[in-house]
Protein chains: 2
Amino acid sequence: MSDKIIAIDAMGGDNAPVETVKGVVTASKAVKYKLALVGKEDIIKSELSKYEYDKDKIMVVNAAEIIENCETPTEAIKHKKDSSMVVGLNMVKEGQALAFVSAGNTGALLTGATIIVGRIKGVKRPALGTMLPTEKNRVLMLDSGANVDAKPEYLVQYAQMGSVYMEFVEGRKNPRVGLVNIGTEREKGNAVVKEAYGLLEEAKSINFGGNTEARDITLGDFDVIVCDAFVGNVILKVMEGLANTVLRILKKSLMSSLRTKIGALLSKPAFKKMQSDFFEYNDIAGAPFLGLKGLVVKAHGSSGYKDIVGAVKQCERFIDGDIVNKIAERL
Amino acid sequence: MSDKIIAIDAMGGDNAPVETVKGVVTASKAVKYKLALVGKEDIIKSELSKYEYDKDKIMVVNAAEIIENCETPTEAIKHKKDSSMVVGLNMVKEGQALAFVSAGNTGALLTGATIIVGRIKGVKRPALGTMLPTEKNRVLMLDSGANVDAKPEYLVQYAQMGSVYMEFVEGRKNPRVGLVNIGTEREKGNAVVKEAYGLLEEAKSINFGGNTEARDITLGDFDVIVCDAFVGNVILKVMEGLANTVLRILKKSLMSSLRTKIGALLSKPAFKKMQSDFFEYNDIAGAPFLGLKGLVVKAHGSSGYKDIVGAVKQCERFIDGDIVNKIAERL
């Protein structure tokens, strides 16, 4: 067994610590690294006692405080030194852990990671990457949460970091990069995007494929798409909102007559298949925060144990792909 | 019969002139105003000859040129003085028409309308409004296409103009305005949105309801939502792209077994109902370009005749609601 450790925030997220601990126990059987559950020791140990697991592969690191979702990121990181999040991030900083996963307060995690773990030299702004479903392979969108006011040169670095990630973690050769824009023609867009287009064309270490309209994102013609975090958030949230709304309307409509009720029953496997193929992807549940001197992954706030397993496995690929050093070299 | 005229670009859009002329003939039986088809006279007359209609209610205004979709807006407006678009906009400018509808080149229409028809005094930037489907009533989003680099004060005017539109065209009392943002808390957002929040709170003539996350747009809790045109375009296009993608995946999945094929057949009415209730809304097919000294409506490029009928009816409500003067008063 390796001495390398992946730390997991046992207290962050809507379903912590129950689902987090279950996820870590499950993941411990699938990954080669040791897993550290960070949080209130007594609570974690009581959860762990429900399971059979290899004691050499799971350790508990005590942290007495919890950062709640409603807290202001900077304040929380500054004042709650003994929170599961700050303790976990410090483990990465000090080399005790190679990666840290948290489903907790996103703002606090991004702020804390930037302050505690720190940026790779040359990286202007770390960016949060999210894998989006498409009709082909998934596409990595960044920035999906860190910098709402992006400069053109940030977008170029997002493209470079995202390309490294997709090549070495997801195995895509020569990943194709798209710039999210309001049209495919190069002269389209706002001031930031127009300038970014020229910089992306000149950037040596990426395979720039031009603009992508938001309408075409789900076609899957790109491996990496870049945008500022405001636009990235809007893309993520519109997808989530529309999917939920359409599903609710359709369900109501299907339940309105006997014929359609029977139809719905017979169609069920097709809906389930779409759900699992398109909307669920536990194997890549975590959003990597790229550009830091260590690996930090944001798991969705509503992560279930399968998502935690996915995020931990993702960290293993991260570590094996040596992403931090590769990004440092590429920039 | 009234002498008031609504002009329609007979040559703009993917299905012009066939669907446009059919739409105008159909609309002429439903609205009280006279309709003017603007474009190549011989082509329009030959199309018109297919139908029975009241000759007093449809006139043809000749325009020898056509602005194509690929043309640069400013150049096209400048050089094609005898295009259906420029001729139609001039009719509005000179008071010969009270409104102009076009399904042609969006950029050219917005540029041409701003230059030829001109802004209402006090309006910093006219904005394109699009009605989005929600689980409740439709919401007017603006700006959905005009200004990709918006200043905070533009967003306030969008809120004011949109409120007038929703009150006097759609009959919503005291319309609730939302600011598209990445979170509901007031301190969230990029620099423009943060400043806009304070200005919207202070603005007297609107009912500001705070931030709306993109995820919640389709819930329908607002009557008007405001954002810059880059974000507005992304919202529209993500909705369009995701709906198409999900439909394609689901169809494929439903056709993969006999059971689900039968299920699909039986479920069909529910899908059709969702399609017509949520995704189609011909009665409000046009996007009003608000803030001008006359009424200009952008119909979707792929408009069929029903969309043209919808846009013409919308113009009638525009005229009857006296929107231009109401906006001038409100600002």
# chains A, B, ... in the order shown; residues from 1 in each chain; ligands from 1
>>> residues_around(residues="stretch 150-164 of chain B", least_positions_apart="6", cutoff="9 Å", atoms="only C-alpha atoms", output="MDAnalysis selection string")
chainID B and resid 123:127 129 140:143 172 174:179 191:197 199:200 203 205:208 223:230 290:291 323 326:327 330:331
>>> interface_residues(of="chain A", to="chain B", cutoff="8 Å", atoms="only C-alpha atoms", output="PyMOL selection string")
chain A and resi 134-135+148-149+181-182+189-191+213-219+230-231+233-242+245+249-250+253-254+256+259-271+273-274
>>> residues_around(residues="A:Lys293", least_positions_apart="5", cutoff="7 Å", atoms="only C-alpha atoms", output="PyMOL selection string")
chain A and resi 117-120+324
>>> closest_residue(among="A:Thr74, A:Lys4, A:Thr184, A:Glu94", to="A:Lys32", atoms="only C-alpha atoms")
A:Lys4
>>> closest_residue(among="B:Ser46, B:Thr212, B:Ser276, B:Ser102", to="B:Asn15", atoms="only C-alpha atoms")
B:Ser102
>>> select_by_dssp(residues="stretch 6-105 of chain B", states="alpha helix (DSSP H)", output="mmCIF file with N, CA, C and O atoms, in the first residue's frame")
data_model
loop_
_atom_site.group_PDB
_atom_site.id
_atom_site.type_symbol
_atom_site.label_atom_id
_atom_site.label_comp_id
_atom_site.auth_asym_id
_atom_site.auth_seq_id
_atom_site.Cartn_x
_atom_site.Cartn_y
_atom_site.Cartn_z
ATOM 1 N N VAL B 18 -42.445 32.624 -48.787
ATOM 2 C CA VAL B 18 -43.627 31.744 -48.771
ATOM 3 C C VAL B 18 -44.405 31.827 -47.447
ATOM 4 O O VAL B 18 -45.587 32.172 -47.423
ATOM 5 N N GLU B 19 -43.704 31.536 -46.342
ATOM 6 C CA GLU B 19 -44.384 31.520 -45.039
ATOM 7 C C GLU B 19 -44.773 32.928 -44.587
ATOM 8 O O GLU B 19 -45.785 33.119 -43.919
ATOM 9 N N THR B 20 -43.936 33.897 -44.953
ATOM 10 C CA THR B 20 -44.225 35.278 -44.544
ATOM 11 C C THR B 20 -45.533 35.749 -45.169
ATOM 12 O O THR B 20 -46.392 36.321 -44.489
ATOM 13 N N VAL B 21 -45.666 35.516 -46.464
ATOM 14 C CA VAL B 21 -46.878 35.955 -47.159
ATOM 15 C C VAL B 21 -48.096 35.196 -46.618
ATOM 16 O O VAL B 21 -49.134 35.794 -46.326
ATOM 17 N N LYS B 22 -47.937 33.897 -46.424
ATOM 18 C CA LYS B 22 -49.038 33.109 -45.860
ATOM 19 C C LYS B 22 -49.435 33.653 -44.482
ATOM 20 O O LYS B 22 -50.619 33.780 -44.155
ATOM 21 N N GLY B 23 -48.413 33.989 -43.693
ATOM 22 C CA GLY B 23 -48.655 34.528 -42.353
ATOM 23 C C GLY B 23 -49.384 35.859 -42.405
ATOM 24 O O GLY B 23 -50.309 36.099 -41.616
ATOM 25 N N VAL B 24 -49.003 36.704 -43.340
ATOM 26 C CA VAL B 24 -49.626 38.029 -43.446
ATOM 27 C C VAL B 24 -51.078 37.897 -43.905
ATOM 28 O O VAL B 24 -51.968 38.571 -43.372
ATOM 29 N N VAL B 25 -51.319 36.995 -44.857
ATOM 30 C CA VAL B 25 -52.696 36.772 -45.315
ATOM 31 C C VAL B 25 -53.555 36.300 -44.135
ATOM 32 O O VAL B 25 -54.650 36.817 -43.899
ATOM 33 N N THR B 26 -53.018 35.330 -43.367
ATOM 34 C CA THR B 26 -53.761 34.818 -42.215
ATOM 35 C C THR B 26 -53.989 35.919 -41.181
ATOM 36 O O THR B 26 -55.098 36.087 -40.659
ATOM 37 N N ALA B 27 -52.935 36.677 -40.910
ATOM 38 C CA ALA B 27 -53.028 37.738 -39.895
ATOM 39 C C ALA B 27 -54.004 38.826 -40.314
ATOM 40 O O ALA B 27 -54.688 39.415 -39.461
ATOM 41 N N SER B 28 -54.099 39.078 -41.616
ATOM 42 C CA SER B 28 -54.970 40.172 -42.100
ATOM 43 C C SER B 28 -56.430 39.921 -41.713
ATOM 44 O O SER B 28 -57.228 40.843 -41.624
ATOM 45 N N GLU B 41 -41.616 43.180 -55.337
ATOM 46 C CA GLU B 41 -43.044 43.267 -55.645
ATOM 47 C C GLU B 41 -43.551 42.063 -56.455
ATOM 48 O O GLU B 41 -44.589 41.476 -56.124
ATOM 49 N N ASP B 42 -42.810 41.696 -57.505
ATOM 50 C CA ASP B 42 -43.282 40.603 -58.371
ATOM 51 C C ASP B 42 -43.373 39.283 -57.613
ATOM 52 O O ASP B 42 -44.348 38.538 -57.734
ATOM 53 N N ILE B 43 -42.356 39.024 -56.799
ATOM 54 C CA ILE B 43 -42.350 37.780 -56.013
ATOM 55 C C ILE B 43 -43.502 37.776 -55.006
ATOM 56 O O ILE B 43 -44.230 36.797 -54.871
ATOM 57 N N ILE B 44 -43.677 38.882 -54.317
ATOM 58 C CA ILE B 44 -44.744 38.966 -53.303
ATOM 59 C C ILE B 44 -46.120 38.801 -53.965
ATOM 60 O O ILE B 44 -46.970 38.050 -53.484
ATOM 61 N N LYS B 45 -46.293 39.484 -55.104
ATOM 62 C CA LYS B 45 -47.602 39.418 -55.773
ATOM 63 C C LYS B 45 -47.906 38.010 -56.258
ATOM 64 O O LYS B 45 -49.051 37.547 -56.181
ATOM 65 N N SER B 46 -46.870 37.342 -56.729
ATOM 66 C CA SER B 46 -47.070 35.972 -57.198
ATOM 67 C C SER B 46 -47.450 35.056 -56.022
ATOM 68 O O SER B 46 -48.312 34.189 -56.139
ATOM 69 N N GLU B 47 -46.822 35.286 -54.853
ATOM 70 C CA GLU B 47 -47.194 34.511 -53.661
ATOM 71 C C GLU B 47 -48.623 34.838 -53.220
ATOM 72 O O GLU B 47 -49.404 33.952 -52.900
ATOM 73 N N LEU B 48 -48.938 36.127 -53.232
ATOM 74 C CA LEU B 48 -50.266 36.569 -52.788
ATOM 75 C C LEU B 48 -51.370 35.982 -53.653
ATOM 76 O O LEU B 48 -52.486 35.721 -53.173
ATOM 77 N N PRO B 73 -23.784 43.826 -40.415
ATOM 78 C CA PRO B 73 -24.912 44.731 -40.174
ATOM 79 C C PRO B 73 -24.710 46.171 -40.661
ATOM 80 O O PRO B 73 -25.493 46.660 -41.470
ATOM 81 N N THR B 74 -23.666 46.836 -40.173
ATOM 82 C CA THR B 74 -23.493 48.252 -40.497
ATOM 83 C C THR B 74 -23.354 48.474 -42.003
ATOM 84 O O THR B 74 -23.971 49.375 -42.570
ATOM 85 N N GLU B 75 -22.549 47.628 -42.637
ATOM 86 C CA GLU B 75 -22.338 47.739 -44.088
ATOM 87 C C GLU B 75 -23.647 47.558 -44.841
ATOM 88 O O GLU B 75 -23.974 48.309 -45.770
ATOM 89 N N ALA B 76 -24.379 46.535 -44.447
ATOM 90 C CA ALA B 76 -25.619 46.195 -45.146
ATOM 91 C C ALA B 76 -26.625 47.342 -45.066
ATOM 92 O O ALA B 76 -27.221 47.736 -46.064
ATOM 93 N N ILE B 77 -26.778 47.897 -43.864
ATOM 94 C CA ILE B 77 -27.734 48.994 -43.662
ATOM 95 C C ILE B 77 -27.304 50.233 -44.447
ATOM 96 O O ILE B 77 -28.114 50.936 -45.038
ATOM 97 N N LYS B 78 -26.001 50.455 -44.480
ATOM 98 C CA LYS B 78 -25.446 51.644 -45.144
ATOM 99 C C LYS B 78 -25.609 51.558 -46.664
ATOM 100 O O LYS B 78 -25.980 52.541 -47.304
ATOM 101 N N HIS B 79 -25.313 50.382 -47.205
ATOM 102 C CA HIS B 79 -25.247 50.271 -48.669
ATOM 103 C C HIS B 79 -26.530 49.788 -49.333
ATOM 104 O O HIS B 79 -26.751 50.084 -50.500
ATOM 105 N N SER B 84 -35.493 45.387 -48.323
ATOM 106 C CA SER B 84 -36.791 45.306 -47.638
ATOM 107 C C SER B 84 -36.667 45.795 -46.196
ATOM 108 O O SER B 84 -37.571 46.437 -45.658
ATOM 109 N N MET B 85 -35.514 45.537 -45.571
ATOM 110 C CA MET B 85 -35.340 45.928 -44.174
ATOM 111 C C MET B 85 -35.242 47.440 -44.026
ATOM 112 O O MET B 85 -35.928 48.038 -43.190
ATOM 113 N N VAL B 86 -34.378 48.066 -44.843
ATOM 114 C CA VAL B 86 -34.203 49.516 -44.741
ATOM 115 C C VAL B 86 -35.483 50.243 -45.142
ATOM 116 O O VAL B 86 -35.894 51.206 -44.474
ATOM 117 N N VAL B 87 -36.158 49.763 -46.186
ATOM 118 C CA VAL B 87 -37.410 50.395 -46.621
ATOM 119 C C VAL B 87 -38.466 50.292 -45.513
ATOM 120 O O VAL B 87 -39.144 51.275 -45.189
ATOM 121 N N GLY B 88 -38.557 49.123 -44.901
ATOM 122 C CA GLY B 88 -39.529 48.929 -43.819
ATOM 123 C C GLY B 88 -39.239 49.817 -42.618
ATOM 124 O O GLY B 88 -40.150 50.421 -42.039
ATOM 125 N N LEU B 89 -37.969 49.914 -42.248
ATOM 126 C CA LEU B 89 -37.597 50.753 -41.104
ATOM 127 C C LEU B 89 -37.870 52.227 -41.401
ATOM 128 O O LEU B 89 -38.299 52.982 -40.525
ATOM 129 N N ASN B 90 -37.637 52.627 -42.666
ATOM 130 C CA ASN B 90 -37.931 54.011 -43.042
ATOM 131 C C ASN B 90 -39.425 54.311 -42.981
ATOM 132 O O ASN B 90 -39.823 55.435 -42.666
ATOM 133 N N MET B 91 -40.245 53.301 -43.285
ATOM 134 C CA MET B 91 -41.697 53.498 -43.162
ATOM 135 C C MET B 91 -42.065 53.828 -41.716
ATOM 136 O O MET B 91 -42.930 54.672 -41.465
ATOM 137 N N VAL B 92 -41.405 53.155 -40.759
ATOM 138 C CA VAL B 92 -41.663 53.441 -39.342
ATOM 139 C C VAL B 92 -41.160 54.833 -38.983
ATOM 140 O O VAL B 92 -41.844 55.622 -38.327
ATOM 141 N N LYS B 93 -39.960 55.132 -39.454
ATOM 142 C CA LYS B 93 -39.377 56.444 -39.153
ATOM 143 C C LYS B 93 -40.288 57.578 -39.630
ATOM 144 O O LYS B 93 -40.516 58.554 -38.910
#
>>> residues_around(residues="B:Leu35", least_positions_apart="2", cutoff="10 Å", atoms="only C-alpha atoms", output="MDAnalysis selection string")
chainID B and resid 3:8 24:25 27:28 31:33 37:38 56:60 97 99:100 312
>>> residues_around(residues="A:Ala63", least_positions_apart="4", cutoff="6 Å", atoms="only C-alpha atoms", output="compact mmCIF listing (two decimals) with C-alpha atoms, in the first residue's frame")
# COMPACT_ATOMS: atom_id res chain seq x y z
CA GLY A 39 -13.93 16.29 10.66
CA LYS A 40 -15.41 15.60 14.09
CA ASP A 82 -9.97 24.07 13.11
CA SER A 83 -12.70 23.47 10.54
CA SER A 84 -12.67 20.29 8.45
>>> residues_around(residues="B:His300", least_positions_apart="4", cutoff="9 Å", atoms="only C-alpha atoms", output="PyMOL selection string")
chain B and resi 13+102-104+106+285-287+304+307
>>> write_last_selection(atoms="C-alpha atoms", output="PDB file, in the first residue's frame")
ATOM      1  CA  GLY B  13     -35.884  34.739 -42.645  1.00  0.00           C
ATOM      2  CA  SER B 102     -38.612  41.152 -39.722  1.00  0.00           C
ATOM      3  CA  ALA B 103     -37.299  37.590 -39.485  1.00  0.00           C
ATOM      4  CA  GLY B 104     -34.085  38.619 -41.260  1.00  0.00           C
ATOM      5  CA  THR B 106     -30.761  40.182 -36.436  1.00  0.00           C
ATOM      6  CA  ALA B 285     -43.191  34.702 -31.444  1.00  0.00           C
ATOM      7  CA  GLY B 286     -41.583  38.086 -31.917  1.00  0.00           C
ATOM      8  CA  ALA B 287     -38.877  39.708 -29.837  1.00  0.00           C
ATOM      9  CA  GLY B 304     -43.213  29.679 -40.044  1.00  0.00           C
ATOM     10  CA  ASP B 307     -44.978  32.830 -36.024  1.00  0.00           C
TER      11      ASP B 307
END
>>> select_by_dssp(residues="stretch 104-283 of chain A", states="strand (DSSP E)", output="PyMOL selection string")
chain A and resi 127-132+139-142+176-181+207-213+224-226
>>> write_last_selection(atoms="N, CA, C and O atoms", output="tab-separated table (two decimals), in the first residue's frame")
chain	number	residue	atom	x	y	z
A	127	ALA	N	-9.03	28.12	-11.72
A	127	ALA	CA	-10.39	28.04	-12.26
A	127	ALA	C	-11.04	26.72	-11.90
A	127	ALA	O	-10.38	25.69	-11.82
A	128	LEU	N	-12.36	26.78	-11.71
A	128	LEU	CA	-13.11	25.57	-11.39
A	128	LEU	C	-13.61	24.94	-12.68
A	128	LEU	O	-14.24	25.61	-13.51
A	129	GLY	N	-13.30	23.66	-12.86
A	129	GLY	CA	-13.74	22.97	-14.08
A	129	GLY	C	-14.92	22.06	-13.80
A	129	GLY	O	-14.95	21.38	-12.79
A	130	THR	N	-15.90	22.07	-14.69
A	130	THR	CA	-17.05	21.16	-14.52
A	130	THR	C	-17.22	20.37	-15.81
A	130	THR	O	-17.14	20.92	-16.90
A	131	MET	N	-17.44	19.06	-15.66
A	131	MET	CA	-17.69	18.23	-16.82
A	131	MET	C	-19.16	18.30	-17.19
A	131	MET	O	-20.02	17.98	-16.36
A	132	LEU	N	-19.46	18.70	-18.41
A	132	LEU	CA	-20.84	18.79	-18.85
A	132	LEU	C	-21.19	17.62	-19.76
A	132	LEU	O	-20.36	17.18	-20.56
A	139	VAL	N	-17.62	17.36	-21.94
A	139	VAL	CA	-16.74	18.51	-22.19
A	139	VAL	C	-16.43	19.17	-20.85
A	139	VAL	O	-17.29	19.26	-19.97
A	140	LEU	N	-15.17	19.58	-20.69
A	140	LEU	CA	-14.76	20.28	-19.46
A	140	LEU	C	-14.98	21.78	-19.66
A	140	LEU	O	-14.37	22.39	-20.54
A	141	MET	N	-15.85	22.36	-18.85
A	141	MET	CA	-16.06	23.80	-18.92
A	141	MET	C	-15.35	24.48	-17.76
A	141	MET	O	-15.54	24.11	-16.62
A	142	LEU	N	-14.51	25.44	-18.10
A	142	LEU	CA	-13.96	26.26	-17.03
A	142	LEU	C	-13.82	27.69	-17.53
A	142	LEU	O	-13.65	27.89	-18.71
A	176	ARG	N	-9.57	19.60	-28.06
A	176	ARG	CA	-10.03	20.73	-28.84
A	176	ARG	C	-10.70	21.75	-27.92
A	176	ARG	O	-11.61	21.42	-27.16
A	177	VAL	N	-10.22	22.99	-28.02
A	177	VAL	CA	-10.70	24.05	-27.12
A	177	VAL	C	-11.67	24.98	-27.84
A	177	VAL	O	-11.41	25.42	-28.96
A	178	GLY	N	-12.80	25.27	-27.21
A	178	GLY	CA	-13.76	26.24	-27.76
A	178	GLY	C	-13.94	27.42	-26.82
A	178	GLY	O	-13.84	27.28	-25.60
A	179	LEU	N	-14.20	28.59	-27.41
A	179	LEU	CA	-14.47	29.80	-26.63
A	179	LEU	C	-15.98	30.03	-26.67
A	179	LEU	O	-16.57	30.16	-27.74
A	180	VAL	N	-16.62	30.06	-25.50
A	180	VAL	CA	-18.07	30.28	-25.46
A	180	VAL	C	-18.37	31.70	-25.95
A	180	VAL	O	-17.84	32.67	-25.43
A	181	ASN	N	-19.21	31.77	-26.98
A	181	ASN	CA	-19.50	33.08	-27.56
A	181	ASN	C	-20.94	33.12	-28.08
A	181	ASN	O	-21.64	32.13	-28.06
A	207	ASN	N	-5.01	23.43	-28.75
A	207	ASN	CA	-5.63	23.19	-30.05
A	207	ASN	C	-6.93	23.98	-30.10
A	207	ASN	O	-8.00	23.46	-29.78
A	208	PHE	N	-6.82	25.26	-30.50
A	208	PHE	CA	-7.99	26.15	-30.45
A	208	PHE	C	-8.90	25.93	-31.66
A	208	PHE	O	-8.47	26.03	-32.81
A	209	GLY	N	-10.15	25.65	-31.39
A	209	GLY	CA	-11.11	25.35	-32.46
A	209	GLY	C	-12.10	26.48	-32.72
A	209	GLY	O	-13.07	26.29	-33.43
A	210	GLY	N	-11.85	27.66	-32.16
A	210	GLY	CA	-12.73	28.80	-32.42
A	210	GLY	C	-13.86	28.95	-31.41
A	210	GLY	O	-13.84	28.36	-30.34
A	211	ASN	N	-14.85	29.74	-31.80
A	211	ASN	CA	-16.00	30.00	-30.93
A	211	ASN	C	-16.97	28.83	-30.90
A	211	ASN	O	-17.10	28.10	-31.89
A	212	THR	N	-17.65	28.69	-29.78
A	212	THR	CA	-18.78	27.77	-29.75
A	212	THR	C	-19.98	28.52	-29.20
A	212	THR	O	-19.90	29.20	-28.18
A	213	GLU	N	-21.10	28.44	-29.90
A	213	GLU	CA	-22.33	29.04	-29.39
A	213	GLU	C	-22.85	28.15	-28.26
A	213	GLU	O	-22.68	26.93	-28.29
A	224	VAL	N	-12.74	20.96	-24.33
A	224	VAL	CA	-12.63	21.99	-23.29
A	224	VAL	C	-13.34	23.23	-23.80
A	224	VAL	O	-13.16	23.61	-24.96
A	225	ILE	N	-14.17	23.86	-22.98
A	225	ILE	CA	-14.71	25.17	-23.36
A	225	ILE	C	-14.39	26.16	-22.25
A	225	ILE	O	-14.39	25.81	-21.08
A	226	VAL	N	-14.08	27.40	-22.66
A	226	VAL	CA	-13.70	28.41	-21.67
A	226	VAL	C	-14.65	29.60	-21.70
A	226	VAL	O	-15.17	29.99	-22.74
